[in-house]
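Below is one structure, written out as structure tokens; the observations come after it.
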Amino acid sequence: MGIVISSVTTEIGGGSSIEQAAAAARRAIAEAGSTPEQIDALINTGVYRDSNMVEPAMSALIQQQAGIGLEYHSGEVPCLSFDLMNGACGILNAVQVSQALLEAPTVHRVLLVSGDAHPSKSPLPQPGFPIKPVGAAMLLEKRPGAAGFGALHISATDGRPAAEGFVRLSEMGTTGRSSIRVRRPADIETLLHHAISAASEALEVADAPLDRVVLICGRPVADFPDRLAQRLGIPPTAVSADDTPGDAHTSALPVAYLAARDSGMLDRADVALFVAAGAGPSAAAIAYRLPKP
């Protein structure tokens with residue numbers, strides 16, 4: 001039994017992280033031939049939120065807008081939803097949690113949603129905010145066979161990580177609900193080091209020839225995917241990265257996976273290697289053995 005991707009969708013053009021994630025969720029459910037009633041759990045990995053909201057959990061608001069689990073009757077298992085925030089790596093942490101949830105006999109489908117937006121909810125580019133508002137949804141389910149996700153591998157710097165996105169309470173005045181500061185790490189070599197470490201471990205366990213591997217990764221800086229592929233020995237023609245203007249952040253891997261699928265890149269591969277790197281610095285990697293038609 002393996003955990004496979006049933007559908008992946010993205011939503012671009014809006015300014016609300018909640019609305020875009022919910023729209024992507026509705027489409028992912030429909031494209032998988034499922035219904036909202038068949039979703040057993042929803043995990044939201046988005047970080048930058050509408051109006052800098054802290055409560056309730058964004059997952060509950062996304063679940064409500066997507067129409068998932070709004071009614072249930074005695075004897076039914078209600079849909080579990082929660083937020084899991086770990087920056088760009090969050091989507092892979094959510095895959096790991098989904099693997100545990102899907103071990104339960106009553107859980108068949110887990111929906112992962114992501115998306116970041118400027119707290120002002122403006123769809124226009126905002127000064128000092130490098131993240132492109134993109135919502136994404138990835139529906140996972142268990143199926144017989146060898147295809148599916150392997151174990152998650154993580155590499156991170158010891159010690160307390162520096163803040164990347166924050167609001168200065170002493171300076172915000174009346175704009176705290178509509179402002180955010182984002183500081184990107186300057187030490188890209190350290191970020192690459194962690195990405196290579198996690199990815200190498202995942203590749204070793206996957207035991208697949210490099211010419212049958214597609215690298216799926218985000219783009220924290222412009223040349224990050226190419227530098228990572230070169231260090232791993234993966235050909236440039238087998239790299240699919242977040243291609244949005246700006247950084248899709250928590251939605252970067254779904255964006256890159258869709259690009260690889262739609263270009264036919266996955267048809268020539270046995271394994272998709274998902275690699276995320278971000279704040280910490282930290283990185284995560286997981287190998288996905290692709291289902292065969």
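A note on labels: chains of the structure tokens are A, B, ... as shown, every chain counts residues from 1, and ligands are counted from 1 in their shown order.
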
Inset, instruction - From a DSSP pass on the backbone, collect the residues of stretch 80-223 of chain A flagged as helix (DSSP H, G or I) and hand them back as a PyMOL selection string. - result: chain A and resi 87-101+188-206+210-212

Requested write-out: C-alpha atoms of the selected residues, as a CSV table (one decimal), in the first residue's frame:
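So the final result, stored in selection39.csv, reads:
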chain,number,residue,atom,x,y,z
A,87,GLY,CA,7.8,27.7,5.8
A,88,ALA,CA,8.7,26.3,2.4
A,89,CYS,CA,9.3,22.8,4.0
A,90,GLY,CA,5.7,22.7,5.4
A,91,ILE,CA,4.2,20.9,2.5
A,92,LEU,CA,6.6,18.0,2.9
A,93,ASN,CA,6.0,17.9,6.6
A,94,ALA,CA,2.3,17.6,5.8
A,95,VAL,CA,3.0,14.7,3.5
A,96,GLN,CA,4.8,12.9,6.4
A,97,VAL,CA,1.8,13.6,8.7
A,98,SER,CA,-0.6,12.4,6.0
A,99,GLN,CA,1.3,9.1,5.8
A,100,ALA,CA,0.6,8.5,9.5
A,101,LEU,CA,-3.0,9.6,9.2
A,188,ILE,CA,22.6,30.6,0.1
A,189,GLU,CA,25.5,28.2,0.3
A,190,THR,CA,24.2,27.0,3.7
A,191,LEU,CA,20.7,26.6,2.3
A,192,LEU,CA,22.2,24.6,-0.6
A,193,HIS,CA,24.2,22.5,1.9
A,194,HIS,CA,21.1,21.4,3.8
A,195,ALA,CA,19.1,20.8,0.6
A,196,ILE,CA,21.9,18.6,-0.8
A,197,SER,CA,22.1,16.7,2.5
A,198,ALA,CA,18.4,15.9,2.7
A,199,ALA,CA,18.1,15.2,-1.0
A,200,SER,CA,21.1,12.8,-1.1
A,201,GLU,CA,19.6,10.8,1.8
A,202,ALA,CA,16.2,10.6,-0.1
A,203,LEU,CA,18.0,9.5,-3.3
A,204,GLU,CA,20.0,6.9,-1.6
A,205,VAL,CA,16.9,5.2,-0.1
A,206,ALA,CA,14.9,5.6,-3.4
A,210,LEU,CA,19.7,9.6,-11.7
A,211,ASP,CA,18.6,9.5,-15.4
A,212,ARG,CA,15.2,8.3,-14.2

Legend entry - Non-local contacts of stretch 21-29 of chain A (7 Å; only C-alpha atoms; under 4 positions in same chain excluded) as a PyMOL selection string: chain A and resi 7-11+17+33-36+62+65-66+113-115+135-139

How would the residues just chosen look if you wrote them out with all heavy atoms as a short mmCIF file (atom, residue, chain, number, x, y, z; two decimals), in the first residue's frame?
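Writing the result to again.cif gives the following:
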data_model
loop_
_atom_site.label_atom_id
_atom_site.label_comp_id
_atom_site.auth_asym_id
_atom_site.auth_seq_id
_atom_site.Cartn_x
_atom_site.Cartn_y
_atom_site.Cartn_z
N SER A 7 -4.56 14.27 -7.22
CA SER A 7 -4.71 15.48 -8.03
C SER A 7 -3.92 16.61 -7.39
O SER A 7 -3.67 16.62 -6.19
CB SER A 7 -6.18 15.89 -8.17
OG SER A 7 -6.74 16.19 -6.90
N VAL A 8 -3.53 17.57 -8.22
CA VAL A 8 -2.84 18.78 -7.78
C VAL A 8 -3.41 19.95 -8.56
O VAL A 8 -3.56 19.87 -9.78
CB VAL A 8 -1.32 18.71 -8.02
CG1 VAL A 8 -0.65 19.99 -7.53
CG2 VAL A 8 -0.70 17.52 -7.31
N THR A 9 -3.73 21.03 -7.87
CA THR A 9 -4.23 22.23 -8.54
C THR A 9 -3.60 23.46 -7.92
O THR A 9 -3.18 23.44 -6.76
CB THR A 9 -5.77 22.35 -8.42
OG1 THR A 9 -6.12 22.38 -7.03
CG2 THR A 9 -6.47 21.19 -9.09
N THR A 10 -3.56 24.54 -8.69
CA THR A 10 -3.07 25.82 -8.18
C THR A 10 -4.05 26.92 -8.56
O THR A 10 -4.82 26.78 -9.52
CB THR A 10 -1.68 26.17 -8.73
OG1 THR A 10 -1.74 26.23 -10.16
CG2 THR A 10 -0.65 25.15 -8.30
N GLU A 11 -4.02 27.99 -7.81
CA GLU A 11 -4.91 29.13 -8.04
C GLU A 11 -4.09 30.40 -7.91
O GLU A 11 -3.46 30.65 -6.88
CB GLU A 11 -6.03 29.13 -7.00
CG GLU A 11 -7.17 30.07 -7.29
CD GLU A 11 -8.10 29.59 -8.40
OE1 GLU A 11 -8.11 28.37 -8.70
OE2 GLU A 11 -8.81 30.44 -8.97
N SER A 17 -5.16 34.55 0.77
CA SER A 17 -4.61 33.20 0.90
C SER A 17 -5.72 32.19 1.17
O SER A 17 -5.67 31.06 0.69
CB SER A 17 -3.58 33.16 2.03
OG SER A 17 -4.16 33.50 3.28
N GLY A 33 -12.15 13.18 -8.93
CA GLY A 33 -13.40 12.41 -8.98
C GLY A 33 -13.98 12.13 -7.61
O GLY A 33 -14.75 11.18 -7.44
N SER A 34 -13.63 12.98 -6.63
CA SER A 34 -14.12 12.80 -5.26
C SER A 34 -15.18 13.86 -4.96
O SER A 34 -15.51 14.70 -5.80
CB SER A 34 -12.97 12.91 -4.26
OG SER A 34 -12.02 11.89 -4.48
N THR A 35 -15.68 13.83 -3.75
CA THR A 35 -16.62 14.83 -3.26
C THR A 35 -16.11 15.36 -1.93
O THR A 35 -15.31 14.69 -1.26
CB THR A 35 -18.02 14.23 -3.07
OG1 THR A 35 -17.95 13.24 -2.02
CG2 THR A 35 -18.53 13.60 -4.34
N PRO A 36 -16.56 16.54 -1.50
CA PRO A 36 -16.11 17.07 -0.21
C PRO A 36 -16.37 16.11 0.96
O PRO A 36 -15.60 16.08 1.92
CB PRO A 36 -16.92 18.36 -0.06
CG PRO A 36 -17.20 18.79 -1.46
CD PRO A 36 -17.39 17.52 -2.23
N ILE A 62 -10.48 27.73 5.50
CA ILE A 62 -10.35 27.14 4.17
C ILE A 62 -11.33 25.98 4.02
O ILE A 62 -12.01 25.83 3.00
CB ILE A 62 -8.91 26.66 3.92
CG1 ILE A 62 -7.96 27.88 3.90
CG2 ILE A 62 -8.80 25.87 2.62
CD1 ILE A 62 -6.49 27.52 3.97
N GLN A 65 -14.83 27.42 3.43
CA GLN A 65 -15.04 27.96 2.09
C GLN A 65 -15.05 26.87 1.03
O GLN A 65 -15.72 27.00 0.00
CB GLN A 65 -13.97 28.99 1.77
CG GLN A 65 -14.18 30.31 2.47
CD GLN A 65 -13.62 31.48 1.67
OE1 GLN A 65 -13.38 31.39 0.47
NE2 GLN A 65 -13.43 32.60 2.34
N ALA A 66 -14.30 25.80 1.26
CA ALA A 66 -14.26 24.69 0.29
C ALA A 66 -15.47 23.77 0.44
O ALA A 66 -15.67 22.88 -0.39
CB ALA A 66 -12.98 23.90 0.45
N VAL A 113 -3.39 21.77 1.64
CA VAL A 113 -3.59 23.06 0.99
C VAL A 113 -2.48 24.00 1.45
O VAL A 113 -1.92 23.86 2.54
CB VAL A 113 -4.97 23.67 1.31
CG1 VAL A 113 -6.07 22.85 0.70
CG2 VAL A 113 -5.18 23.83 2.82
N SER A 114 -2.14 24.94 0.59
CA SER A 114 -1.07 25.88 0.88
C SER A 114 -1.40 27.21 0.24
O SER A 114 -2.34 27.33 -0.55
CB SER A 114 0.27 25.34 0.34
OG SER A 114 0.17 25.10 -1.05
N GLY A 115 -0.62 28.22 0.59
CA GLY A 115 -0.84 29.52 -0.02
C GLY A 115 -0.44 30.63 0.92
O GLY A 115 -0.72 30.59 2.11
N GLY A 135 -2.30 29.93 -4.37
CA GLY A 135 -2.91 28.88 -3.57
C GLY A 135 -2.72 27.54 -4.27
O GLY A 135 -2.65 27.48 -5.50
N ALA A 136 -2.63 26.47 -3.50
CA ALA A 136 -2.45 25.14 -4.10
C ALA A 136 -3.14 24.10 -3.25
O ALA A 136 -3.37 24.30 -2.05
CB ALA A 136 -0.96 24.81 -4.25
N ALA A 137 -3.47 22.99 -3.88
CA ALA A 137 -4.07 21.86 -3.16
C ALA A 137 -3.53 20.57 -3.75
O ALA A 137 -3.35 20.45 -4.97
CB ALA A 137 -5.59 21.88 -3.26
N MET A 138 -3.24 19.62 -2.88
CA MET A 138 -2.73 18.32 -3.29
C MET A 138 -3.51 17.24 -2.53
O MET A 138 -3.49 17.22 -1.30
CB MET A 138 -1.22 18.22 -2.97
CG MET A 138 -0.59 16.89 -3.38
SD MET A 138 1.17 16.81 -2.88
CE MET A 138 1.90 18.01 -3.99
N LEU A 139 -4.22 16.41 -3.26
CA LEU A 139 -5.02 15.37 -2.64
C LEU A 139 -4.24 14.06 -2.63
O LEU A 139 -3.78 13.59 -3.67
CB LEU A 139 -6.34 15.18 -3.40
CG LEU A 139 -7.34 14.19 -2.80
CD1 LEU A 139 -7.72 14.58 -1.38
CD2 LEU A 139 -8.59 14.09 -3.67
#

Inset, instruction - For A:Ala147, list every protein, DNA or RNA residue within 6 Å, evaluated using only C-alpha atoms, and leave out those in the same chain fewer than 6 positions away; present the list as a VMD selection string. - result: chain A and resid 2 289 to 291

For the residues in that selection, give me N, CA, C and O atoms as a tab-separated table (two decimals), in the first residue's frame.
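Generated file (selection-v9.tsv):
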chain	number	residue	atom	x	y	z
A	2	GLY	N	0.60	2.18	-0.91
A	2	GLY	CA	1.37	3.41	-1.00
A	2	GLY	C	0.48	4.63	-0.91
A	2	GLY	O	-0.73	4.56	-1.12
A	289	ARG	N	7.82	7.66	-5.68
A	289	ARG	CA	7.86	6.69	-6.77
A	289	ARG	C	6.57	6.84	-7.58
A	289	ARG	O	5.47	6.67	-7.06
A	290	LEU	N	6.74	7.20	-8.84
A	290	LEU	CA	5.59	7.59	-9.67
A	290	LEU	C	4.73	6.40	-10.05
A	290	LEU	O	5.26	5.34	-10.44
A	291	PRO	N	3.41	6.54	-9.94
A	291	PRO	CA	2.50	5.48	-10.42
A	291	PRO	C	2.64	5.32	-11.94
A	291	PRO	O	2.82	6.28	-12.66

Inset, instruction - Fewer than 4 positions away in the same chain doesn't count, so skip those; otherwise give me all residues within 7 Å of stretch 182-184 of chain A, counting only C-alpha atoms, as JSON, numbers by chain. - result: {"A": [128, 129, 164, 165, 166]}

Inset, instruction - Determine the nearest neighbour of A:Leu140 from the options A:Cys79, A:Val110, A:Ala60, A:Ala156, counting only C-alpha atoms. - result: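 With only C-alpha atoms as the atom set, the closest residue is A:Val110.
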
Legend entry - Given only C-alpha atoms as the counted atoms, nearest of A:Pro220, A:Pro56, A:Pro119, A:Pro281 to A:Pro245: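 Using only C-alpha atoms, the shortest distance to A:Pro245 belongs to A:Pro220.
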
Inset, instruction - Tell me which of A:Leu273, A:Ala104, A:Ile39, A:Cys217 sits closest to A:Val255, counting only C-alpha atoms. - result: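 Under the stated criterion, the closest residue is A:Cys217.
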
Inset, instruction - Pick out the closest residue to A:Lys292 from this set: A:His118, A:Asp242, A:Asp247, A:Ala269. Count only C-alpha atoms. - result: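 Among the listed residues, the smallest separation from A:Lys292 belongs to A:Ala269.
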
Legend entry - Contact residues around A:Thr175 with only C-alpha atoms at 12 Å, ignoring same-chain residues under 4 positions, as a ChimeraX atom specification: /A:51-52,119-120,167-171,179-180

Residues just named, written with N, CA, C and O atoms as a JSON list (two decimals), in the first residue's frame:
[["chain", "number", "residue", "atom", "x", "y", "z"],
["A", 51, "SER", "N", -4.80, 39.49, 6.69],
["A", 51, "SER", "CA", -4.93, 40.38, 7.86],
["A", 51, "SER", "C", -4.11, 39.91, 9.05],
["A", 51, "SER", "O", -4.42, 40.26, 10.19],
["A", 52, "ASN", "N", -3.08, 39.13, 8.81],
["A", 52, "ASN", "CA", -2.22, 38.61, 9.89],
["A", 52, "ASN", "C", -3.03, 37.90, 10.97],
["A", 52, "ASN", "O", -2.71, 37.98, 12.17],
["A", 119, "PRO", "N", -0.68, 40.42, 3.92],
["A", 119, "PRO", "CA", -1.82, 40.59, 4.83],
["A", 119, "PRO", "C", -2.83, 41.64, 4.39],
["A", 119, "PRO", "O", -3.99, 41.62, 4.83],
["A", 120, "SER", "N", -2.44, 42.56, 3.51],
["A", 120, "SER", "CA", -3.37, 43.55, 2.99],
["A", 120, "SER", "C", -4.40, 42.93, 2.04],
["A", 120, "SER", "O", -5.39, 43.57, 1.70],
["A", 167, "VAL", "N", 6.14, 41.15, 12.08],
["A", 167, "VAL", "CA", 5.63, 42.51, 12.25],
["A", 167, "VAL", "C", 6.27, 43.06, 13.52],
["A", 167, "VAL", "O", 6.24, 42.41, 14.56],
["A", 168, "ARG", "N", 6.86, 44.24, 13.43],
["A", 168, "ARG", "CA", 7.45, 44.87, 14.61],
["A", 168, "ARG", "C", 6.33, 45.54, 15.42],
["A", 168, "ARG", "O", 5.77, 46.55, 14.99],
["A", 169, "LEU", "N", 6.01, 44.97, 16.56],
["A", 169, "LEU", "CA", 4.91, 45.48, 17.35],
["A", 169, "LEU", "C", 5.13, 46.92, 17.80],
["A", 169, "LEU", "O", 4.18, 47.70, 17.92],
["A", 170, "SER", "N", 6.39, 47.28, 18.04],
["A", 170, "SER", "CA", 6.68, 48.63, 18.53],
["A", 170, "SER", "C", 6.56, 49.69, 17.44],
["A", 170, "SER", "O", 6.53, 50.89, 17.75],
["A", 171, "GLU", "N", 6.49, 49.27, 16.17],
["A", 171, "GLU", "CA", 6.48, 50.23, 15.07],
["A", 171, "GLU", "C", 5.21, 50.20, 14.23],
["A", 171, "GLU", "O", 4.97, 51.10, 13.43],
["A", 179, "SER", "N", 0.32, 44.77, 7.31],
["A", 179, "SER", "CA", 1.74, 44.92, 6.98],
["A", 179, "SER", "C", 2.53, 43.71, 7.46],
["A", 179, "SER", "O", 2.12, 43.01, 8.37],
["A", 180, "ILE", "N", 3.66, 43.49, 6.79],
["A", 180, "ILE", "CA", 4.55, 42.38, 7.15],
["A", 180, "ILE", "C", 5.95, 42.72, 6.64],
["A", 180, "ILE", "O", 6.10, 43.43, 5.64]]

Inset, instruction - Rank A:Ala163, A:Val107, A:Met265, A:Ala229 by their smallest atom-to-atom distance to A:Gly278, using only C-alpha atoms, and report the top residue only. - result: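 Using only C-alpha atoms, A:Gly278 sits closest to A:Ala163.
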
Inset, instruction - Go through A:Arg143, A:Arg177, A:His153, A:Arg261 one by one, measure the shortest atom-to-atom distance of each to A:Met53 using only C-alpha atoms, and give the residue with the smallest value. - result: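 The closest residue to A:Met53 is A:Arg177.
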
Inset, instruction - Could you check how far atom CA of A:Ala241 sits from atom CA of A:Gly159, in Å to one decimal? - result: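 The value is 29.2 Å.
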
Inset, instruction - Mind checking which residues fall within 12 Å of A:Ala238, counting only C-alpha atoms, ignoring those fewer than 6 positions away in the same chain, and posting them as a PyMOL selection string? - result: chain A and resi 210-217+225-226+228-230+232+256-257+259-261+263-273
